[in-house]
file final.pdb (PDB, C-alpha atoms and all ligand atoms)
ATOM      1  CA  MET Q   1       8.252  69.264  81.554
ATOM      2  CA  THR Q   2      11.798  70.237  80.519
ATOM      3  CA  THR Q   3      13.280  68.887  77.307
ATOM      4  CA  ALA Q   4      15.667  66.730  79.364
ATOM      5  CA  GLU Q   5      12.707  65.259  81.266
ATOM      6  CA  ALA Q   6      10.824  64.623  78.021
ATOM      7  CA  TYR Q   7      13.764  62.616  76.611
ATOM      8  CA  ASP Q   8      14.164  60.703  79.869
ATOM      9  CA  ARG Q   9      10.420  59.925  79.884
ATOM     10  CA  PHE Q  10      10.553  58.768  76.256
ATOM     11  CA  ALA Q  11      13.416  56.403  77.195
ATOM     12  CA  ASN Q  12      11.610  54.993  80.219
ATOM     13  CA  ARG Q  13       8.006  54.903  79.038
ATOM     14  CA  GLU Q  14       7.872  54.684  75.264
ATOM     15  CA  VAL Q  15      10.887  52.807  73.977
ATOM     16  CA  ARG Q  16      12.193  50.763  76.919
ATOM     17  CA  GLY Q  17      12.264  47.132  75.836
ATOM     18  CA  ILE Q  18      10.926  48.064  72.370
ATOM     19  CA  SER Q  19      13.786  50.011  70.777
ATOM     20  CA  PRO Q  20      17.120  49.623  72.625
ATOM     21  CA  ALA Q  21      18.827  52.070  70.223
ATOM     22  CA  TYR Q  22      16.315  54.850  70.916
ATOM     23  CA  GLU Q  23      16.335  54.070  74.620
ATOM     24  CA  ARG Q  24      20.140  54.602  74.677
ATOM     25  CA  LEU Q  25      19.895  57.689  72.488
ATOM     26  CA  SER Q  26      17.070  59.287  74.393
ATOM     27  CA  ARG Q  27      18.771  58.759  77.743
ATOM     28  CA  ALA Q  28      21.996  60.248  76.317
ATOM     29  CA  VAL Q  29      20.200  63.320  74.897
ATOM     30  CA  SER Q  30      18.526  63.902  78.270
ATOM     31  CA  CYS Q  31      22.025  64.569  79.709
ATOM     32  CA  ASP Q  32      23.570  66.271  76.657
ATOM     33  CA  ASP Q  33      23.796  70.026  77.307
ATOM     34  CA  ASP Q  34      24.821  70.840  73.716
ATOM     35  CA  LEU Q  35      21.854  69.062  72.155
ATOM     36  CA  LEU Q  36      19.410  70.241  74.806
ATOM     37  CA  ALA Q  37      20.415  73.867  74.149
ATOM     38  CA  LEU Q  38      19.815  73.419  70.398
ATOM     39  CA  LEU Q  39      16.454  71.719  70.992
ATOM     40  CA  ASP Q  40      15.367  74.458  73.384
ATOM     41  CA  GLY Q  41      15.850  76.957  70.559
ATOM     42  CA  LEU Q  42      12.988  75.227  68.688
ATOM     43  CA  PRO Q  43       9.242  75.666  69.296
ATOM     44  CA  PRO Q  44       8.087  73.193  72.022
ATOM     45  CA  ALA Q  45       6.192  70.949  69.561
ATOM     46  CA  LYS Q  46       9.407  70.504  67.548
ATOM     47  CA  ARG Q  47      11.561  69.184  70.419
ATOM     48  CA  GLN Q  48      10.126  65.637  70.435
ATOM     49  CA  PRO Q  49      12.495  62.631  70.407
ATOM     50  CA  ASN Q  50      10.670  60.929  67.515
ATOM     51  CA  LEU Q  51      11.085  64.019  65.346
ATOM     52  CA  LEU Q  52      14.797  64.570  66.102
ATOM     53  CA  PHE Q  53      15.687  60.880  65.729
ATOM     54  CA  GLY Q  54      13.572  60.509  62.576
ATOM     55  CA  VAL Q  55      15.224  63.523  60.949
ATOM     56  CA  VAL Q  56      18.746  62.315  61.775
ATOM     57  CA  ARG Q  57      17.876  58.878  60.337
ATOM     58  CA  TRP Q  58      16.313  60.503  57.257
ATOM     59  CA  LEU Q  59      19.570  62.469  56.724
ATOM     60  CA  GLY Q  60      21.547  59.217  56.948
ATOM     61  CA  GLY Q  61      22.986  59.940  60.404
ATOM     62  CA  PRO Q  62      23.905  57.299  63.008
ATOM     63  CA  VAL Q  63      21.336  56.390  65.678
ATOM     64  CA  GLU Q  64      22.947  53.299  67.210
ATOM     65  CA  ASP Q  65      25.801  55.005  69.042
ATOM     66  CA  PRO Q  66      24.968  58.076  71.166
ATOM     67  CA  ALA Q  67      28.449  59.619  70.756
ATOM     68  CA  ALA Q  68      28.291  59.331  66.951
ATOM     69  CA  PHE Q  69      24.731  60.713  67.052
ATOM     70  CA  HIS Q  70      25.906  63.703  69.110
ATOM     71  CA  ASP Q  71      28.775  64.471  66.700
ATOM     72  CA  PHE Q  72      26.623  64.092  63.566
ATOM     73  CA  THR Q  73      23.768  66.197  64.922
ATOM     74  CA  LEU Q  74      26.031  69.021  66.066
ATOM     75  CA  ALA Q  75      28.023  69.045  62.826
ATOM     76  CA  ASN Q  76      24.868  69.003  60.683
ATOM     77  CA  TRP Q  77      22.586  71.145  62.851
ATOM     78  CA  PRO Q  78      21.476  73.575  60.076
ATOM     79  CA  ALA Q  79      20.199  70.648  57.969
ATOM     80  CA  VAL Q  80      18.729  68.868  61.005
ATOM     81  CA  GLU Q  81      16.964  72.023  62.155
ATOM     82  CA  ALA Q  82      15.570  72.769  58.668
ATOM     83  CA  GLN Q  83      14.039  69.276  58.429
ATOM     84  CA  ILE Q  84      12.694  69.422  61.996
ATOM     85  CA  ARG Q  85      10.961  72.699  61.173
ATOM     86  CA  LYS Q  86       9.627  71.317  57.868
ATOM     87  CA  ARG Q  87       8.391  67.905  59.021
ATOM     88  CA  ALA Q  88       6.154  66.498  61.747
ATOM     89  CA  THR Q  89       5.798  63.160  63.492
ATOM     90  CA  GLN Q  90       3.273  61.437  61.266
ATOM     91  CA  THR Q  91       4.084  57.789  61.903
ATOM     92  CA  ASN Q  92       1.402  55.816  60.079
ATOM     93  CA  GLU Q  93       1.107  52.378  61.648
ATOM     94  CA  ALA Q  94      -1.218  49.956  59.850
ATOM     95  CA  GLY Q  95      -0.666  47.583  62.806
ATOM     96  CA  ARG Q  96      -3.093  49.718  64.815
ATOM     97  CA  CYS Q  97      -5.911  48.195  62.738
ATOM     98  CA  ALA Q  98      -5.449  45.047  64.844
ATOM     99  CA  VAL Q  99      -6.757  46.835  67.931
ATOM    100  CA  LEU Q 100      -9.534  48.626  66.042
ATOM    101  CA  LEU Q 101     -10.783  45.429  64.383
ATOM    102  CA  PRO Q 102     -12.755  43.927  67.320
ATOM    103  CA  VAL Q 103     -14.788  47.142  67.622
ATOM    104  CA  LEU Q 104     -15.210  47.711  63.894
ATOM    105  CA  ALA Q 105     -16.344  44.126  63.312
ATOM    106  CA  ALA Q 106     -19.023  44.407  66.020
ATOM    107  CA  LEU Q 107     -20.707  47.521  64.563
ATOM    108  CA  PRO Q 108     -23.681  47.373  62.147
ATOM    109  CA  GLN Q 109     -22.241  46.715  58.673
ATOM    110  CA  PRO Q 110     -21.365  48.071  56.167
ATOM    111  CA  LEU Q 111     -19.070  50.837  57.434
ATOM    112  CA  ALA Q 112     -18.142  54.299  56.181
ATOM    113  CA  LEU Q 113     -14.746  55.022  57.780
ATOM    114  CA  LEU Q 114     -13.561  58.532  58.494
ATOM    115  CA  GLU Q 115     -10.163  58.780  60.149
ATOM    116  CA  VAL Q 116      -9.028  62.097  61.619
ATOM    117  CA  GLY Q 117      -5.249  62.485  61.765
ATOM    118  CA  ALA Q 118      -4.965  59.862  59.028
ATOM    119  CA  SER Q 119      -1.365  60.656  57.918
ATOM    120  CA  ALA Q 120      -1.141  58.573  54.689
ATOM    121  CA  GLY Q 121      -4.392  56.732  55.435
ATOM    122  CA  LEU Q 122      -2.925  53.276  56.117
ATOM    123  CA  CYS Q 123      -5.361  52.631  58.991
ATOM    124  CA  LEU Q 124      -8.279  53.021  56.581
ATOM    125  CA  TYR Q 125      -7.911  49.462  55.223
ATOM    126  CA  PRO Q 126      -8.855  47.196  58.155
ATOM    127  CA  ASP Q 127     -10.850  45.038  55.724
ATOM    128  CA  ARG Q 128      -7.868  44.443  53.403
ATOM    129  CA  TYR Q 129      -5.262  43.270  55.924
ATOM    130  CA  SER Q 130      -5.228  39.981  57.806
ATOM    131  CA  TYR Q 131      -4.715  39.396  61.506
ATOM    132  CA  ARG Q 132      -3.199  36.849  63.862
ATOM    133  CA  TYR Q 133      -4.422  36.989  67.462
ATOM    134  CA  GLY Q 134      -2.382  34.094  68.849
ATOM    135  CA  GLU Q 135      -3.652  31.047  66.957
ATOM    136  CA  HIS Q 136      -6.720  32.848  65.641
ATOM    137  CA  ARG Q 137      -6.420  34.109  62.059
ATOM    138  CA  VAL Q 138      -8.840  36.631  60.538
ATOM    139  CA  GLY Q 139      -8.882  37.817  56.911
ATOM    140  CA  SER Q 140      -6.621  36.811  54.046
ATOM    141  CA  GLY Q 141      -4.753  39.905  52.801
ATOM    142  CA  GLU Q 142      -1.305  41.412  53.354
ATOM    143  CA  PRO Q 143       0.227  42.581  55.610
ATOM    144  CA  VAL Q 144      -0.516  40.092  58.374
ATOM    145  CA  LEU Q 145      -0.881  42.004  61.644
ATOM    146  CA  GLU Q 146       0.185  40.124  64.767
ATOM    147  CA  CYS Q 147      -1.535  41.118  67.998
ATOM    148  CA  ALA Q 148      -1.352  39.555  71.463
ATOM    149  CA  ALA Q 149      -4.973  39.624  72.639
ATOM    150  CA  ALA Q 150      -6.413  39.003  76.095
ATOM    151  CA  GLY Q 151      -9.896  39.183  77.600
ATOM    152  CA  PHE Q 152     -12.054  38.791  74.484
ATOM    153  CA  ALA Q 153     -12.839  36.488  71.589
ATOM    154  CA  PRO Q 154     -11.315  37.927  68.382
ATOM    155  CA  PRO Q 155     -13.744  38.586  65.528
ATOM    156  CA  GLU Q 156     -14.498  35.884  62.984
ATOM    157  CA  ARG Q 157     -14.351  38.180  59.964
ATOM    158  CA  VAL Q 158     -13.116  41.547  58.782
ATOM    159  CA  PRO Q 159     -15.641  44.399  58.481
ATOM    160  CA  GLU Q 160     -17.279  45.457  55.230
ATOM    161  CA  VAL Q 161     -16.041  48.933  54.287
ATOM    162  CA  VAL Q 162     -17.885  50.864  51.569
ATOM    163  CA  TRP Q 163     -16.259  54.290  52.016
ATOM    164  CA  ARG Q 164     -12.926  55.418  53.451
ATOM    165  CA  ALA Q 165     -11.874  59.001  54.011
ATOM    166  CA  GLY Q 166      -9.097  60.670  55.990
ATOM    167  CA  LEU Q 167      -8.567  64.166  57.316
ATOM    168  CA  ASP Q 168      -5.099  65.448  58.156
ATOM    169  CA  LEU Q 169      -3.346  68.797  58.543
ATOM    170  CA  ASN Q 170      -0.702  67.382  56.202
ATOM    171  CA  PRO Q 171      -1.851  64.257  54.362
ATOM    172  CA  LEU Q 172       1.010  62.088  53.144
ATOM    173  CA  ASP Q 173       0.969  60.312  49.788
ATOM    174  CA  VAL Q 174       2.168  56.713  49.607
ATOM    175  CA  THR Q 175       2.997  57.175  45.918
ATOM    176  CA  ASP Q 176       5.400  60.068  46.685
ATOM    177  CA  PRO Q 177       8.945  58.749  47.382
ATOM    178  CA  ASP Q 178       9.744  61.672  49.717
ATOM    179  CA  ASP Q 179       6.670  60.987  51.859
ATOM    180  CA  VAL Q 180       7.417  57.255  51.963
ATOM    181  CA  SER Q 181      11.058  57.859  52.911
ATOM    182  CA  TRP Q 182       9.864  60.064  55.796
ATOM    183  CA  LEU Q 183       7.355  57.424  56.966
ATOM    184  CA  ASP Q 184      10.191  54.893  56.828
ATOM    185  CA  ALA Q 185      12.558  57.142  58.819
ATOM    186  CA  LEU Q 186       9.917  57.489  61.544
ATOM    187  CA  ILE Q 187       9.949  53.738  62.176
ATOM    188  CA  TRP Q 188      12.238  52.839  65.063
ATOM    189  CA  PRO Q 189      15.617  51.422  63.982
ATOM    190  CA  GLU Q 190      15.251  47.765  64.995
ATOM    191  CA  HIS Q 191      11.704  47.406  63.660
ATOM    192  CA  ALA Q 192      12.328  45.662  60.340
ATOM    193  CA  HIS Q 193       8.902  43.998  60.596
ATOM    194  CA  ARG Q 194       7.249  47.440  60.697
ATOM    195  CA  ARG Q 195       9.224  48.537  57.621
ATOM    196  CA  ALA Q 196       7.973  45.486  55.728
ATOM    197  CA  ARG Q 197       4.459  46.245  56.988
ATOM    198  CA  LEU Q 198       4.707  49.854  55.778
ATOM    199  CA  ARG Q 199       5.648  48.661  52.279
ATOM    200  CA  ALA Q 200       2.828  46.090  52.169
ATOM    201  CA  ALA Q 201       0.196  48.499  53.508
ATOM    202  CA  ALA Q 202       1.402  51.284  51.174
ATOM    203  CA  ALA Q 203       0.881  48.913  48.223
ATOM    204  CA  VAL Q 204      -2.717  48.334  49.366
ATOM    205  CA  ALA Q 205      -3.354  52.089  49.647
ATOM    206  CA  ALA Q 206      -1.633  52.879  46.337
ATOM    207  CA  ALA Q 207      -3.832  50.350  44.511
ATOM    208  CA  ASP Q 208      -7.046  51.931  45.805
ATOM    209  CA  PRO Q 209      -6.249  55.386  47.236
ATOM    210  CA  PRO Q 210      -8.495  56.704  49.998
ATOM    211  CA  LEU Q 211     -10.138  60.111  49.912
ATOM    212  CA  LEU Q 212      -7.559  62.146  51.878
ATOM    213  CA  VAL Q 213      -8.510  65.718  52.709
ATOM    214  CA  ARG Q 214      -6.150  68.394  54.019
ATOM    215  CA  GLY Q 215      -7.840  69.967  57.010
ATOM    216  CA  ASP Q 216      -8.339  70.258  60.725
ATOM    217  CA  LEU Q 217     -10.167  67.670  62.810
ATOM    218  CA  VAL Q 218     -12.472  70.315  64.285
ATOM    219  CA  ASP Q 219     -12.974  72.818  61.476
ATOM    220  CA  ASP Q 220     -13.276  70.362  58.610
ATOM    221  CA  LEU Q 221     -14.852  67.266  60.129
ATOM    222  CA  PRO Q 222     -18.560  68.108  59.611
ATOM    223  CA  ALA Q 223     -18.139  68.742  55.870
ATOM    224  CA  LEU Q 224     -16.246  65.503  55.327
ATOM    225  CA  ALA Q 225     -18.657  63.477  57.467
ATOM    226  CA  ALA Q 226     -21.519  64.849  55.360
ATOM    227  CA  ARG Q 227     -19.955  63.148  52.314
ATOM    228  CA  ALA Q 228     -20.332  59.659  53.823
ATOM    229  CA  PRO Q 229     -22.825  57.518  51.915
ATOM    230  CA  ALA Q 230     -26.283  56.888  53.321
ATOM    231  CA  GLY Q 231     -26.968  53.288  54.278
ATOM    232  CA  ALA Q 232     -23.575  52.728  55.941
ATOM    233  CA  THR Q 233     -22.578  53.187  59.584
ATOM    234  CA  LEU Q 234     -20.352  56.257  59.847
ATOM    235  CA  VAL Q 235     -17.337  55.532  62.075
ATOM    236  CA  VAL Q 236     -15.110  58.469  62.987
ATOM    237  CA  PHE Q 237     -11.874  57.194  64.506
ATOM    238  CA  HIS Q 238      -8.394  58.280  65.503
ATOM    239  CA  THR Q 239      -5.292  56.595  66.871
ATOM    240  CA  SER Q 240      -2.335  58.456  68.433
ATOM    241  CA  VAL Q 241      -3.489  61.851  67.191
ATOM    242  CA  LEU Q 242      -4.934  63.915  70.025
ATOM    243  CA  TYR Q 243      -1.588  64.284  71.840
ATOM    244  CA  GLN Q 244      -0.732  66.658  68.976
ATOM    245  CA  VAL Q 245      -3.892  68.734  69.515
ATOM    246  CA  PRO Q 246      -4.129  71.475  72.197
ATOM    247  CA  LEU Q 247      -6.491  70.673  75.088
ATOM    248  CA  ALA Q 248      -9.184  73.241  74.201
ATOM    249  CA  ARG Q 249      -9.328  71.944  70.603
ATOM    250  CA  ARG Q 250      -9.454  68.347  71.844
ATOM    251  CA  GLU Q 251     -12.496  69.255  73.933
ATOM    252  CA  GLU Q 252     -14.130  70.930  70.935
ATOM    253  CA  PHE Q 253     -13.445  67.839  68.850
ATOM    254  CA  VAL Q 254     -15.068  65.575  71.444
ATOM    255  CA  ARG Q 255     -18.193  67.747  71.557
ATOM    256  CA  LEU Q 256     -18.352  67.765  67.770
ATOM    257  CA  VAL Q 257     -17.830  64.055  67.218
ATOM    258  CA  ARG Q 258     -20.435  63.138  69.848
ATOM    259  CA  ASP Q 259     -23.028  65.103  67.867
ATOM    260  CA  LEU Q 260     -22.361  63.282  64.594
ATOM    261  CA  PRO Q 261     -24.464  60.298  63.575
ATOM    262  CA  GLY Q 262     -22.806  56.872  63.789
ATOM    263  CA  HIS Q 263     -19.978  55.867  66.113
ATOM    264  CA  TRP Q 264     -16.681  57.234  67.411
ATOM    265  CA  ILE Q 265     -13.614  55.111  68.170
ATOM    266  CA  ALA Q 266     -10.663  56.624  70.030
ATOM    267  CA  ASN Q 267      -7.292  54.976  70.639
ATOM    268  CA  GLU Q 268      -5.275  57.509  72.602
ATOM    269  CA  ALA Q 269      -3.027  57.788  75.656
ATOM    270  CA  PRO Q 270      -4.969  57.992  78.948
ATOM    271  CA  GLU Q 271      -3.571  61.418  79.844
ATOM    272  CA  VAL Q 272      -4.682  62.793  76.458
ATOM    273  CA  LEU Q 273      -8.291  61.635  76.629
ATOM    274  CA  PRO Q 274      -8.925  60.815  80.293
ATOM    275  CA  TYR Q 275     -11.664  58.428  81.494
ATOM    276  CA  ASP Q 276     -13.025  57.809  84.990
ATOM    277  CA  GLY Q 277     -12.357  54.515  86.731
ATOM    278  CA  LEU Q 278      -9.793  52.974  84.388
ATOM    279  CA  PRO Q 279      -8.224  49.752  85.674
ATOM    280  CA  ASP Q 280      -4.429  49.603  85.983
ATOM    281  CA  PRO Q 281      -2.680  48.942  82.664
ATOM    282  CA  PRO Q 282      -1.625  45.318  82.191
ATOM    283  CA  GLY Q 283       2.116  45.997  82.413
ATOM    284  CA  GLU Q 284       4.869  48.558  82.163
ATOM    285  CA  GLY Q 285       5.369  50.881  79.239
ATOM    286  CA  MET Q 286       3.027  53.189  77.460
ATOM    287  CA  HIS Q 287      -0.506  52.002  76.805
ATOM    288  CA  ASN Q 288      -3.365  53.622  74.940
ATOM    289  CA  VAL Q 289      -7.043  53.339  75.793
ATOM    290  CA  LEU Q 290      -9.412  52.023  73.148
ATOM    291  CA  ALA Q 291     -12.883  53.506  73.552
ATOM    292  CA  LEU Q 292     -16.187  53.366  71.695
ATOM    293  CA  ASP Q 293     -18.458  56.430  71.931
ATOM    294  CA  GLY Q 294     -16.552  57.622  75.011
ATOM    295  CA  ARG Q 295     -16.725  54.264  76.827
ATOM    296  CA  PRO Q 296     -13.279  52.761  77.520
ATOM    297  CA  LEU Q 297     -12.949  49.106  76.477
ATOM    298  CA  ALA Q 298      -9.323  47.998  76.372
ATOM    299  CA  TRP Q 299      -5.660  48.823  76.908
ATOM    300  CA  THR Q 300      -3.636  48.711  73.701
ATOM    301  CA  ARG Q 301       0.087  48.954  72.906
ATOM    302  CA  GLY Q 302       1.361  51.782  70.732
ATOM    303  CA  HIS Q 303       1.854  49.987  67.426
ATOM    304  CA  GLY Q 304      -1.123  47.646  67.746
ATOM    305  CA  GLN Q 305       0.992  44.752  69.003
ATOM    306  CA  ALA Q 306      -1.256  43.960  71.999
ATOM    307  CA  ILE Q 307      -4.766  44.510  73.313
ATOM    308  CA  THR Q 308      -6.143  43.705  76.763
ATOM    309  CA  TRP Q 309      -9.902  43.984  77.043
ATOM    310  CA  PHE Q 310     -11.318  45.136  80.381
ATOM    311  CA  ALA Q 311     -14.912  46.264  79.682
TER     312      ALA Q 311
HETATM  313  C1  LIG A   1       1.234  60.252  64.955
HETATM  314  S1  LIG A   1       0.296  60.495  63.489
HETATM  315  C2  LIG A   1      -0.819  59.102  63.585
HETATM  316  C3  LIG A   1      -1.331  58.708  62.220
HETATM  317  C4  LIG A   1      -2.370  57.586  62.202
HETATM  318  N1  LIG A   1      -3.536  57.953  62.952
HETATM  319  C5  LIG A   1      -1.813  56.288  62.734
HETATM  320  O1  LIG A   1      -2.185  55.907  63.840
HETATM  321  O2  LIG A   1      -1.024  55.630  62.051
HETATM  322  C6  LIG A   1      -0.748  61.872  63.921
HETATM  323  C7  LIG A   1      -1.374  62.551  62.705
HETATM  324  O3  LIG A   1      -2.344  63.492  63.167
HETATM  325  C8  LIG A   1      -2.295  64.626  62.331
HETATM  326  N2  LIG A   1      -2.894  65.772  63.049
HETATM  327  C9  LIG A   1      -2.409  66.417  64.143
HETATM  328  N3  LIG A   1      -3.229  67.411  64.505
HETATM  329  C10 LIG A   1      -4.263  67.421  63.623
HETATM  330  C11 LIG A   1      -5.426  68.239  63.465
HETATM  331  N4  LIG A   1      -5.685  69.264  64.280
HETATM  332  N5  LIG A   1      -6.273  67.964  62.444
HETATM  333  C12 LIG A   1      -6.006  66.932  61.582
HETATM  334  N6  LIG A   1      -4.907  66.137  61.688
HETATM  335  C13 LIG A   1      -4.047  66.377  62.687
HETATM  336  C14 LIG A   1      -0.813  64.791  62.027
HETATM  337  O4  LIG A   1      -0.602  65.580  60.865
HETATM  338  C15 LIG A   1      -0.387  63.327  61.862
HETATM  339  O5  LIG A   1      -0.470  62.915  60.502
END
call {"tool": "encode", "arguments": {"input": "final.pdb", "output": "structure tokens"}}
result
Amino acid sequence: MTTAEAYDRFANREVRGISPAYERLSRAVSCDDDLLALLDGLPPAKRQPNLLFGVVRWLGGPVEDPAAFHDFTLANWPAVEAQIRKRATQTNEAGRCAVLLPVLAALPQPLALLEVGASAGLCLYPDRYSYRYGEHRVGSGEPVLECAAAGFAPPERVPEVVWRAGLDLNPLDVTDPDDVSWLDALIWPEHAHRRARLRAAAAVAAADPPLLVRGDLVDDLPALAARAPAGATLVVFHTSVLYQVPLARREEFVRLVRDLPGHWIANEAPEVLPYDGLPDPPGEGMHNVLALDGRPLAWTRGHGQAITWFA
């Protein structure tokens, strides 16, 4: 896929109807020869829309008006490029706990959670947040995660978590202002509710930090899994991570995780972790597939805002 096609796809599939500013911007970049030439000078993994837009926002640049974005990015390219090369897309969305919860709550309790690709670890607190699935409320903490649910009865209670650990190539620290400002810049411009959610979830993590280990989800998973306490169900999980992992390593990870004791929950795009016989997604836009131990269960939206059960 060319860089222009990637920006056009991002506009049509990922942000259409969810972030009008990024939809406009992404469409404009897909036809902007100056910006495309600069992006094509970067390694392929560094050309992503979320990374470019996040960096420009982090530098205080305009993202509402494509012409102003073009001028700012061209004028400040050395700074933009330096930050693109330094940083990665590590959006940490606590809202994704709302789509994990039905599976977590149904497993034998208590749970030992191990998240690969954990970023700052905000998805490691599904027991501390509360949830609203339509009229159905679960839990009592903050933030409250809203999720449109179809095809299943939401759980009655949050899971019991006795251990939480995360593995990431570059763990972020919610007590470090630079890391938090980057997590904030990665949130799409109109999403004030997600900014409030980031602050609330970061306060939960800061009060009781998880065990976050710098490492690779293949090379370093067995050693971390071995630290899980006996007497709890080990749950290895990941959401929106494997698209960043090369295919051969993804396959190695799947072989490895299947051999571990306990359970494995994946919430990834269908082209990243393909399954046979998936039904059509319940609407337009990008959907992830939620799966338990390799068995697909539900379509989910990217930030945990909806889940449609089909199993
Ligand atoms: C888009 S973020 C998602 C974070 C979190 N799972 C969530 O849903 O909020 C993807 C994370 O995966 C991490 N990651 C990518 N490749 C990895 C690998 N091979 N091993 C460990 N972590 C990895 C990145 O550093 C990043 O923090």
call {"tool": "closest_atom_pairs", "arguments": {"input": "final.pdb", "of": "segment 148-229 of chain Q", "to": "segment 83-106 of chain Q", "cutoff": "8 Å", "atoms": "all atoms listed in the file", "output": "tab-separated table"}}
result
residue	atom	partner	partner_atom	distance
Q:Pro154	CA	Q:Pro102	CA	6.3
Q:Pro155	CA	Q:Pro102	CA	5.7
Q:Arg157	CA	Q:Ala105	CA	7.1
Q:Val158	CA	Q:Ala105	CA	6.1
Q:Pro159	CA	Q:Ala105	CA	4.9
Q:Leu183	CA	Q:Thr91	CA	5.9
Q:Leu186	CA	Q:Thr91	CA	5.9
Q:Ile187	CA	Q:Thr91	CA	7.1
Q:Arg194	CA	Q:Glu93	CA	7.9
Q:Arg197	CA	Q:Ala94	CA	7.4
Q:Leu198	CA	Q:Ala94	CA	7.2
Q:Ala201	CA	Q:Ala94	CA	6.7
call {"tool": "closest_residue", "arguments": {"input": "final.pdb", "among": "Q:Pro246, Q:Gly285, Q:Pro296, Q:Pro274", "to": "ligand LIG 1 (chain A)", "atoms": "all atoms listed in the file"}}
result
Q:Pro246
call {"tool": "residues_near_ligand", "arguments": {"input": "final.pdb", "ligand": "ligand LIG 1 (chain A)", "cutoff": "7 Å", "atoms": "all atoms listed in the file", "output": "number ranges by chain"}}
result
Q: 88-94, 96, 116-119, 122-123, 167-171, 215-218, 238-242, 244-245
call {"tool": "closest_residue", "arguments": {"input": "final.pdb", "among": "Q:Gly41, Q:Pro177, Q:Pro229, Q:Gly166", "to": "Leu114 of chain Q", "atoms": "all atoms listed in the file"}}
result
Q:Gly166
call {"tool": "closest_atom_pairs", "arguments": {"input": "final.pdb", "of": "segment 103-209 of chain Q", "to": "segment 12-30 of chain Q", "cutoff": "9 Å", "atoms": "all atoms listed in the file", "output": "JSON lines"}}
result
{"residue": "Q:Trp188", "atom": "CA", "partner": "Q:Ser19", "partner_atom": "CA", "distance": 6.6}
{"residue": "Q:Pro189", "atom": "CA", "partner": "Q:Ala21", "partner_atom": "CA", "distance": 7.0}
{"residue": "Q:Glu190", "atom": "CA", "partner": "Q:Ser19", "partner_atom": "CA", "distance": 6.4}
{"residue": "Q:His191", "atom": "CA", "partner": "Q:Ser19", "partner_atom": "CA", "distance": 7.9}
call {"tool": "write_last_selection", "arguments": {"input": "final.pdb", "atoms": "C-alpha atoms", "output": "compact mmCIF listing (two decimals), in the coordinates of the input"}}
result
# COMPACT_ATOMS: atom_id res chain seq x y z
CA TRP Q 188 12.24 52.84 65.06
CA PRO Q 189 15.62 51.42 63.98
CA GLU Q 190 15.25 47.76 65.00
CA HIS Q 191 11.70 47.41 63.66
call {"tool": "closest_residue", "arguments": {"input": "final.pdb", "among": "Q:Leu297, Q:Thr2, Q:Ala306, Q:Val213", "to": "Gly277 of chain Q", "atoms": "only C-alpha atoms"}}
result
Q:Leu297
call {"tool": "resolve_selection", "arguments": {"input": "final.pdb", "expression": "the PyMOL selection byres (((chain Q and resi 74) around 12) and not hetatm)", "output": "list in words"}}
result
Asp32, Asp33, Asp34, Leu35, Leu36, Ala37, Leu38, Leu39, Val56, Gly61, Ala67, Ala68, Phe69, His70, Asp71, Phe72, Thr73, Ala75, Asn76, Trp77, Pro78, Ala79, Val80 and Glu81 of chain Q
call {"tool": "residues_around", "arguments": {"input": "final.pdb", "residues": "Ala185 of chain Q", "least_positions_apart": "6", "cutoff": "6 Å", "atoms": "all atoms listed in the file", "output": "mmCIF file with C-alpha atoms, in the coordinates of the input"}}
result
data_model
loop_
_atom_site.group_PDB
_atom_site.id
_atom_site.type_symbol
_atom_site.label_atom_id
_atom_site.label_comp_id
_atom_site.auth_asym_id
_atom_site.auth_seq_id
_atom_site.Cartn_x
_atom_site.Cartn_y
_atom_site.Cartn_z
ATOM 1 C CA GLY Q 54 13.572 60.509 62.576
ATOM 2 C CA ARG Q 57 17.876 58.878 60.337
ATOM 3 C CA TRP Q 58 16.313 60.503 57.257
#
call {"tool": "resolve_selection", "arguments": {"input": "final.pdb", "expression": "the PyMOL selection byres (((chain Q and resi 136) around 10) and not hetatm)", "output": "NGL selection string"}}
result
:Q and (131-135 or 137-138 or 149 or 153-156)
call {"tool": "atom_distance", "arguments": {"input": "final.pdb", "atom1": "atom CA of Ala112 of chain Q", "atom2": "atom CA of Gly141 of chain Q"}}
result
19.9 Å
call {"tool": "atom_distance", "arguments": {"input": "final.pdb", "atom1": "atom CA of Gln48 of chain Q", "atom2": "atom CA of Pro66 of chain Q"}}
result
16.7 Å
call {"tool": "atom_distance", "arguments": {"input": "final.pdb", "atom1": "atom CA of Pro44 of chain Q", "atom2": "atom CA of Leu172 of chain Q"}}
result
23.0 Å
call {"tool": "resolve_selection", "arguments": {"input": "final.pdb", "expression": "the PyMOL selection byres (((chain Q and resi 129) around 7) and not hetatm)", "output": "ChimeraX atom specification"}}
result
/Q:125-128,130-131,139-144
call {"tool": "closest_residue", "arguments": {"input": "final.pdb", "among": "Q:Leu292, Q:Ala11, Q:Met286, Q:Thr3", "to": "Asp40 of chain Q", "atoms": "only C-alpha atoms"}}
result
Q:Thr3
call {"tool": "closest_residue", "arguments": {"input": "final.pdb", "among": "Q:Asp276, Q:Glu268, Q:Glu252, Q:Glu115", "to": "Asp219 of chain Q", "atoms": "all atoms listed in the file"}}
result
Q:Glu252
call {"tool": "closest_residue", "arguments": {"input": "final.pdb", "among": "Q:Cys147, Q:Leu51, Q:Ala165, Q:Leu42", "to": "Asp208 of chain Q", "atoms": "all atoms listed in the file"}}
result
Q:Ala165
call {"tool": "axis_aligned_box", "arguments": {"input": "final.pdb", "around": "segment 19-37 of chain Q", "padding_each_side": "5 Å", "output": "JSON"}}
result
{"center_x": 19.3, "center_y": 61.7, "center_z": 75.0, "size_x": 21.0, "size_y": 34.2, "size_z": 19.5}
